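Worksheet: one structure, shown below.
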Amino acid sequence: MKLYFGYGSNMGDAQMKQRCPQSEKIGIGRLSGYRWIISTRGYANVVESPEDEVEGVLFALSESDEDSMDGYEGVAIGSYRKANLRVFQGETEKIALVYLDPIAAEGPPTKEYIHRINYGLADAKLSEPYLARHVRKFIPA
């Protein structure tokens, strides 16, 4: 099993079970040195930002789950690229798979994405200060 850090609509329990049926939710994680945005493609991304951190959800993925996620994230066509990054769960540092959009310019979310990401946020239960500072300027409640 490989750790995966979800920070967008993949934080949603139902979406993850549909996309990655063998996945197991581990809990909240923090990716330091990155900032959460919506890219001009209309979907969540994280971009390097030394003073920030991104809250998300850690999942354990099987090899077939990772293959499935690669398809949903458009790895083969360059929509997202894969990186193994340091993520903290509490004070424990772990290495997790993170999908990064090569587009770092900010833009508005697609209409369908607002609904999906709000479901993910409800399941994730991230901190209110984090949501207010980073997410709600892009995604209305």
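By convention here, the chains of the structure tokens are called A, B, ... in the order presented, each chain's residues are numbered starting at 1, and ligands are numbered starting at 1 in the order presented.
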
At a cut-off of 10 Å, using only C-alpha atoms, what residues contact range 87-100 of chain A? Leave out same-chain residues fewer than 5 positions from it and give the result as a PDB file with N, CA and C atoms, in the first residue's frame.
```pdb
ATOM      1  N   LYS A   2       0.450   2.241  -0.736  1.00  0.00           N
ATOM      2  CA  LYS A   2       1.163   3.508  -0.838  1.00  0.00           C
ATOM      3  C   LYS A   2       0.282   4.606  -0.253  1.00  0.00           C
ATOM      4  N   LEU A   3       0.899   5.556   0.448  1.00  0.00           N
ATOM      5  CA  LEU A   3       0.142   6.688   0.970  1.00  0.00           C
ATOM      6  C   LEU A   3      -0.137   7.687  -0.137  1.00  0.00           C
ATOM      7  N   TYR A   4      -1.339   8.228  -0.118  1.00  0.00           N
ATOM      8  CA  TYR A   4      -1.782   9.243  -1.069  1.00  0.00           C
ATOM      9  C   TYR A   4      -2.357  10.410  -0.276  1.00  0.00           C
ATOM     10  N   PHE A   5      -2.004  11.633  -0.679  1.00  0.00           N
ATOM     11  CA  PHE A   5      -2.502  12.843  -0.032  1.00  0.00           C
ATOM     12  C   PHE A   5      -3.517  13.494  -0.963  1.00  0.00           C
ATOM     13  N   GLY A   6      -4.791  13.442  -0.580  1.00  0.00           N
ATOM     14  CA  GLY A   6      -5.866  14.083  -1.340  1.00  0.00           C
ATOM     15  C   GLY A   6      -6.171  15.452  -0.767  1.00  0.00           C
ATOM     16  N   TYR A   7      -6.250  16.464  -1.635  1.00  0.00           N
ATOM     17  CA  TYR A   7      -6.494  17.833  -1.168  1.00  0.00           C
ATOM     18  C   TYR A   7      -7.655  18.508  -1.900  1.00  0.00           C
ATOM     19  N   ILE A  26      -6.789   7.186   6.117  1.00  0.00           N
ATOM     20  CA  ILE A  26      -5.867   7.177   7.251  1.00  0.00           C
ATOM     21  C   ILE A  26      -6.163   8.338   8.200  1.00  0.00           C
ATOM     22  N   GLY A  27      -6.401   9.534   7.646  1.00  0.00           N
ATOM     23  CA  GLY A  27      -6.700  10.703   8.481  1.00  0.00           C
ATOM     24  C   GLY A  27      -6.161  11.975   7.864  1.00  0.00           C
ATOM     25  N   ILE A  28      -6.236  13.044   8.616  1.00  0.00           N
ATOM     26  CA  ILE A  28      -5.802  14.367   8.158  1.00  0.00           C
ATOM     27  C   ILE A  28      -4.279  14.410   8.035  1.00  0.00           C
ATOM     28  N   GLY A  29      -3.822  15.083   6.989  1.00  0.00           N
ATOM     29  CA  GLY A  29      -2.396  15.308   6.795  1.00  0.00           C
ATOM     30  C   GLY A  29      -2.145  16.764   6.428  1.00  0.00           C
ATOM     31  N   ARG A  30      -0.871  17.184   6.532  1.00  0.00           N
ATOM     32  CA  ARG A  30      -0.477  18.551   6.192  1.00  0.00           C
ATOM     33  C   ARG A  30       0.733  18.511   5.278  1.00  0.00           C
ATOM     34  N   LEU A  31       0.642  19.226   4.181  1.00  0.00           N
ATOM     35  CA  LEU A  31       1.729  19.346   3.217  1.00  0.00           C
ATOM     36  C   LEU A  31       2.345  20.723   3.398  1.00  0.00           C
ATOM     37  N   SER A  32       3.525  20.786   3.986  1.00  0.00           N
ATOM     38  CA  SER A  32       4.187  22.070   4.249  1.00  0.00           C
ATOM     39  C   SER A  32       4.895  22.583   3.007  1.00  0.00           C
ATOM     40  N   ALA A  44      -8.630  21.857  -8.230  1.00  0.00           N
ATOM     41  CA  ALA A  44      -7.675  22.121  -7.151  1.00  0.00           C
ATOM     42  C   ALA A  44      -6.248  21.782  -7.570  1.00  0.00           C
ATOM     43  N   ASN A  45      -5.334  22.552  -7.019  1.00  0.00           N
ATOM     44  CA  ASN A  45      -3.904  22.336  -7.203  1.00  0.00           C
ATOM     45  C   ASN A  45      -3.190  22.833  -5.963  1.00  0.00           C
ATOM     46  N   VAL A  46      -1.967  22.399  -5.789  1.00  0.00           N
ATOM     47  CA  VAL A  46      -1.097  22.949  -4.757  1.00  0.00           C
ATOM     48  C   VAL A  46       0.143  23.484  -5.453  1.00  0.00           C
ATOM     49  N   VAL A  47       0.566  24.672  -5.024  1.00  0.00           N
ATOM     50  CA  VAL A  47       1.740  25.314  -5.612  1.00  0.00           C
ATOM     51  C   VAL A  47       2.728  25.633  -4.502  1.00  0.00           C
ATOM     52  N   GLU A  53       0.915  25.941   4.160  1.00  0.00           N
ATOM     53  CA  GLU A  53       0.734  24.508   4.196  1.00  0.00           C
ATOM     54  C   GLU A  53      -0.676  24.178   3.720  1.00  0.00           C
ATOM     55  N   VAL A  54      -0.830  22.969   3.234  1.00  0.00           N
ATOM     56  CA  VAL A  54      -2.109  22.493   2.710  1.00  0.00           C
ATOM     57  C   VAL A  54      -2.606  21.377   3.618  1.00  0.00           C
ATOM     58  N   GLU A  55      -3.852  21.464   4.017  1.00  0.00           N
ATOM     59  CA  GLU A  55      -4.481  20.382   4.759  1.00  0.00           C
ATOM     60  C   GLU A  55      -5.201  19.476   3.766  1.00  0.00           C
ATOM     61  N   GLY A  56      -5.155  18.196   4.041  1.00  0.00           N
ATOM     62  CA  GLY A  56      -5.833  17.227   3.185  1.00  0.00           C
ATOM     63  C   GLY A  56      -6.014  15.924   3.924  1.00  0.00           C
ATOM     64  N   VAL A  57      -6.328  14.885   3.165  1.00  0.00           N
ATOM     65  CA  VAL A  57      -6.612  13.582   3.751  1.00  0.00           C
ATOM     66  C   VAL A  57      -5.639  12.555   3.193  1.00  0.00           C
ATOM     67  N   LEU A  58      -5.079  11.761   4.088  1.00  0.00           N
ATOM     68  CA  LEU A  58      -4.198  10.663   3.698  1.00  0.00           C
ATOM     69  C   LEU A  58      -5.010   9.382   3.522  1.00  0.00           C
ATOM     70  N   PHE A  59      -4.715   8.686   2.435  1.00  0.00           N
ATOM     71  CA  PHE A  59      -5.318   7.398   2.143  1.00  0.00           C
ATOM     72  C   PHE A  59      -4.207   6.403   1.843  1.00  0.00           C
ATOM     73  N   ALA A  60      -4.451   5.147   2.147  1.00  0.00           N
ATOM     74  CA  ALA A  60      -3.583   4.066   1.697  1.00  0.00           C
ATOM     75  C   ALA A  60      -4.184   3.526   0.412  1.00  0.00           C
ATOM     76  N   LEU A  61      -3.363   3.426  -0.646  1.00  0.00           N
ATOM     77  CA  LEU A  61      -3.820   2.947  -1.948  1.00  0.00           C
ATOM     78  C   LEU A  61      -3.104   1.660  -2.325  1.00  0.00           C
ATOM     79  N   GLU A  66      -3.885   3.072  -7.313  1.00  0.00           N
ATOM     80  CA  GLU A  66      -3.020   4.112  -7.858  1.00  0.00           C
ATOM     81  C   GLU A  66      -3.166   4.188  -9.376  1.00  0.00           C
ATOM     82  N   MET A  69      -6.380   5.970 -10.035  1.00  0.00           N
ATOM     83  CA  MET A  69      -6.252   7.398  -9.747  1.00  0.00           C
ATOM     84  C   MET A  69      -5.462   8.104 -10.846  1.00  0.00           C
ATOM     85  N   ASP A  70      -4.419   7.464 -11.351  1.00  0.00           N
ATOM     86  CA  ASP A  70      -3.659   8.054 -12.461  1.00  0.00           C
ATOM     87  C   ASP A  70      -4.582   8.369 -13.633  1.00  0.00           C
ATOM     88  N   GLU A  73      -6.871  11.371 -12.750  1.00  0.00           N
ATOM     89  CA  GLU A  73      -6.117  12.614 -12.663  1.00  0.00           C
ATOM     90  C   GLU A  73      -5.456  12.997 -13.995  1.00  0.00           C
ATOM     91  N   GLY A  74      -5.597  12.172 -14.999  1.00  0.00           N
ATOM     92  CA  GLY A  74      -5.072  12.509 -16.324  1.00  0.00           C
ATOM     93  C   GLY A  74      -3.563  12.544 -16.415  1.00  0.00           C
ATOM     94  N   VAL A  75      -2.893  11.645 -15.707  1.00  0.00           N
ATOM     95  CA  VAL A  75      -1.429  11.630 -15.700  1.00  0.00           C
ATOM     96  C   VAL A  75      -0.885  11.396 -17.110  1.00  0.00           C
ATOM     97  N   GLY A  78      -0.982  14.550 -19.147  1.00  0.00           N
ATOM     98  CA  GLY A  78      -0.307  15.707 -18.574  1.00  0.00           C
ATOM     99  C   GLY A  78      -1.168  16.655 -17.762  1.00  0.00           C
ATOM    100  N   SER A  79      -2.400  16.236 -17.413  1.00  0.00           N
ATOM    101  CA  SER A  79      -3.244  17.112 -16.586  1.00  0.00           C
ATOM    102  C   SER A  79      -2.656  17.282 -15.192  1.00  0.00           C
ATOM    103  N   TYR A  80      -2.153  16.195 -14.634  1.00  0.00           N
ATOM    104  CA  TYR A  80      -1.461  16.219 -13.344  1.00  0.00           C
ATOM    105  C   TYR A  80      -0.217  15.366 -13.478  1.00  0.00           C
ATOM    106  N   ARG A  81       0.799  15.687 -12.663  1.00  0.00           N
ATOM    107  CA  ARG A  81       1.986  14.842 -12.575  1.00  0.00           C
ATOM    108  C   ARG A  81       2.069  14.326 -11.144  1.00  0.00           C
ATOM    109  N   LYS A  82       2.782  13.243 -10.980  1.00  0.00           N
ATOM    110  CA  LYS A  82       2.892  12.599  -9.674  1.00  0.00           C
ATOM    111  C   LYS A  82       4.185  13.015  -8.990  1.00  0.00           C
TER     112      LYS A  82
END
```

Taking only C-alpha atoms into account, name the residue in A:Ala122, A:Asp13, A:Glu63, A:Ile37 that is nearest to Lys137 in chain A.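 Of all the options, A:Ile37 lies closest to Lys137 in chain A.
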
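Proximity to Leu121 in chain A was assessed for A:Gly8, A:Met1, A:Ala83, A:Ala105 counting only C-alpha atoms; the smallest distance is recorded for A:Gly8.
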
Pull the helix (DSSP H, G or I) assignments for chain A out of DSSP run on the backbone, and list those residues as number ranges by chain. A: 9-11, 13-19, 63-72, 111-124, 128-135

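Closest approach to Gln15 in chain A from the set A:Glu112, A:Asp101, A:Asp123, A:Glu128 is made by A:Asp123, with distances taken over only C-alpha atoms.
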
DSSP on the backbone, then: every residue of chain A marked strand (DSSP E or B), written as a PyMOL selection string. chain A and resi 2-6+24-39+44-61+81-89+92-100+106

With C-alpha atoms retained, export the selected residues as a CSV table (one decimal), in the first residue's frame.
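Below you can see again.csv, which holds the result:
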```csv
chain,number,residue,atom,x,y,z
A,2,LYS,CA,1.2,3.5,-0.8
A,3,LEU,CA,0.1,6.7,1.0
A,4,TYR,CA,-1.8,9.2,-1.1
A,5,PHE,CA,-2.5,12.8,0.0
A,6,GLY,CA,-5.9,14.1,-1.3
A,24,GLU,CA,-8.3,3.1,3.3
A,25,LYS,CA,-8.7,6.5,4.8
A,26,ILE,CA,-5.9,7.2,7.3
A,27,GLY,CA,-6.7,10.7,8.5
A,28,ILE,CA,-5.8,14.4,8.2
A,29,GLY,CA,-2.4,15.3,6.8
A,30,ARG,CA,-0.5,18.6,6.2
A,31,LEU,CA,1.7,19.3,3.2
A,32,SER,CA,4.2,22.1,4.2
A,33,GLY,CA,5.7,24.5,1.8
A,34,TYR,CA,2.6,24.5,-0.5
A,35,ARG,CA,-0.5,26.6,-1.0
A,36,TRP,CA,-3.9,25.5,-2.1
A,37,ILE,CA,-5.4,27.1,-5.3
A,38,ILE,CA,-7.9,26.4,-8.1
A,39,SER,CA,-5.9,26.5,-11.3
A,44,ALA,CA,-7.7,22.1,-7.2
A,45,ASN,CA,-3.9,22.3,-7.2
A,46,VAL,CA,-1.1,22.9,-4.8
A,47,VAL,CA,1.7,25.3,-5.6
A,48,GLU,CA,5.0,25.9,-3.8
A,49,SER,CA,4.8,28.6,-1.2
A,50,PRO,CA,7.4,28.3,1.6
A,51,GLU,CA,5.2,30.1,4.3
A,52,ASP,CA,2.1,28.0,3.7
A,53,GLU,CA,0.7,24.5,4.2
A,54,VAL,CA,-2.1,22.5,2.7
A,55,GLU,CA,-4.5,20.4,4.8
A,56,GLY,CA,-5.8,17.2,3.2
A,57,VAL,CA,-6.6,13.6,3.8
A,58,LEU,CA,-4.2,10.7,3.7
A,59,PHE,CA,-5.3,7.4,2.1
A,60,ALA,CA,-3.6,4.1,1.7
A,61,LEU,CA,-3.8,2.9,-1.9
A,81,ARG,CA,2.0,14.8,-12.6
A,82,LYS,CA,2.9,12.6,-9.7
A,83,ALA,CA,5.3,13.5,-6.9
A,84,ASN,CA,6.3,11.8,-3.6
A,85,LEU,CA,6.3,14.6,-1.0
A,86,ARG,CA,6.8,14.9,2.7
A,87,VAL,CA,3.4,15.1,4.5
A,88,PHE,CA,2.9,15.3,8.2
A,89,GLN,CA,0.2,13.5,10.2
A,92,THR,CA,5.0,12.2,12.2
A,93,GLU,CA,6.5,12.8,8.8
A,94,LYS,CA,5.5,10.5,6.0
A,95,ILE,CA,6.1,10.3,2.2
A,96,ALA,CA,2.9,10.4,0.2
A,97,LEU,CA,1.9,10.5,-3.4
A,98,VAL,CA,0.6,14.0,-4.4
A,99,TYR,CA,-0.8,14.9,-7.8
A,100,LEU,CA,0.4,18.3,-9.0
A,106,GLU,CA,-5.2,30.8,-10.4
```

My list of candidates is A:Lys17, A:Tyr130, A:Ser64, A:Ser9. Which is closest to Ile114 in chain A when distances are computed with only C-alpha atoms? A:Ser9

Interatomic distance between CA of Pro108 in chain A and CA of Cys20 in chain A?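 So the answer is 27.2 Å.
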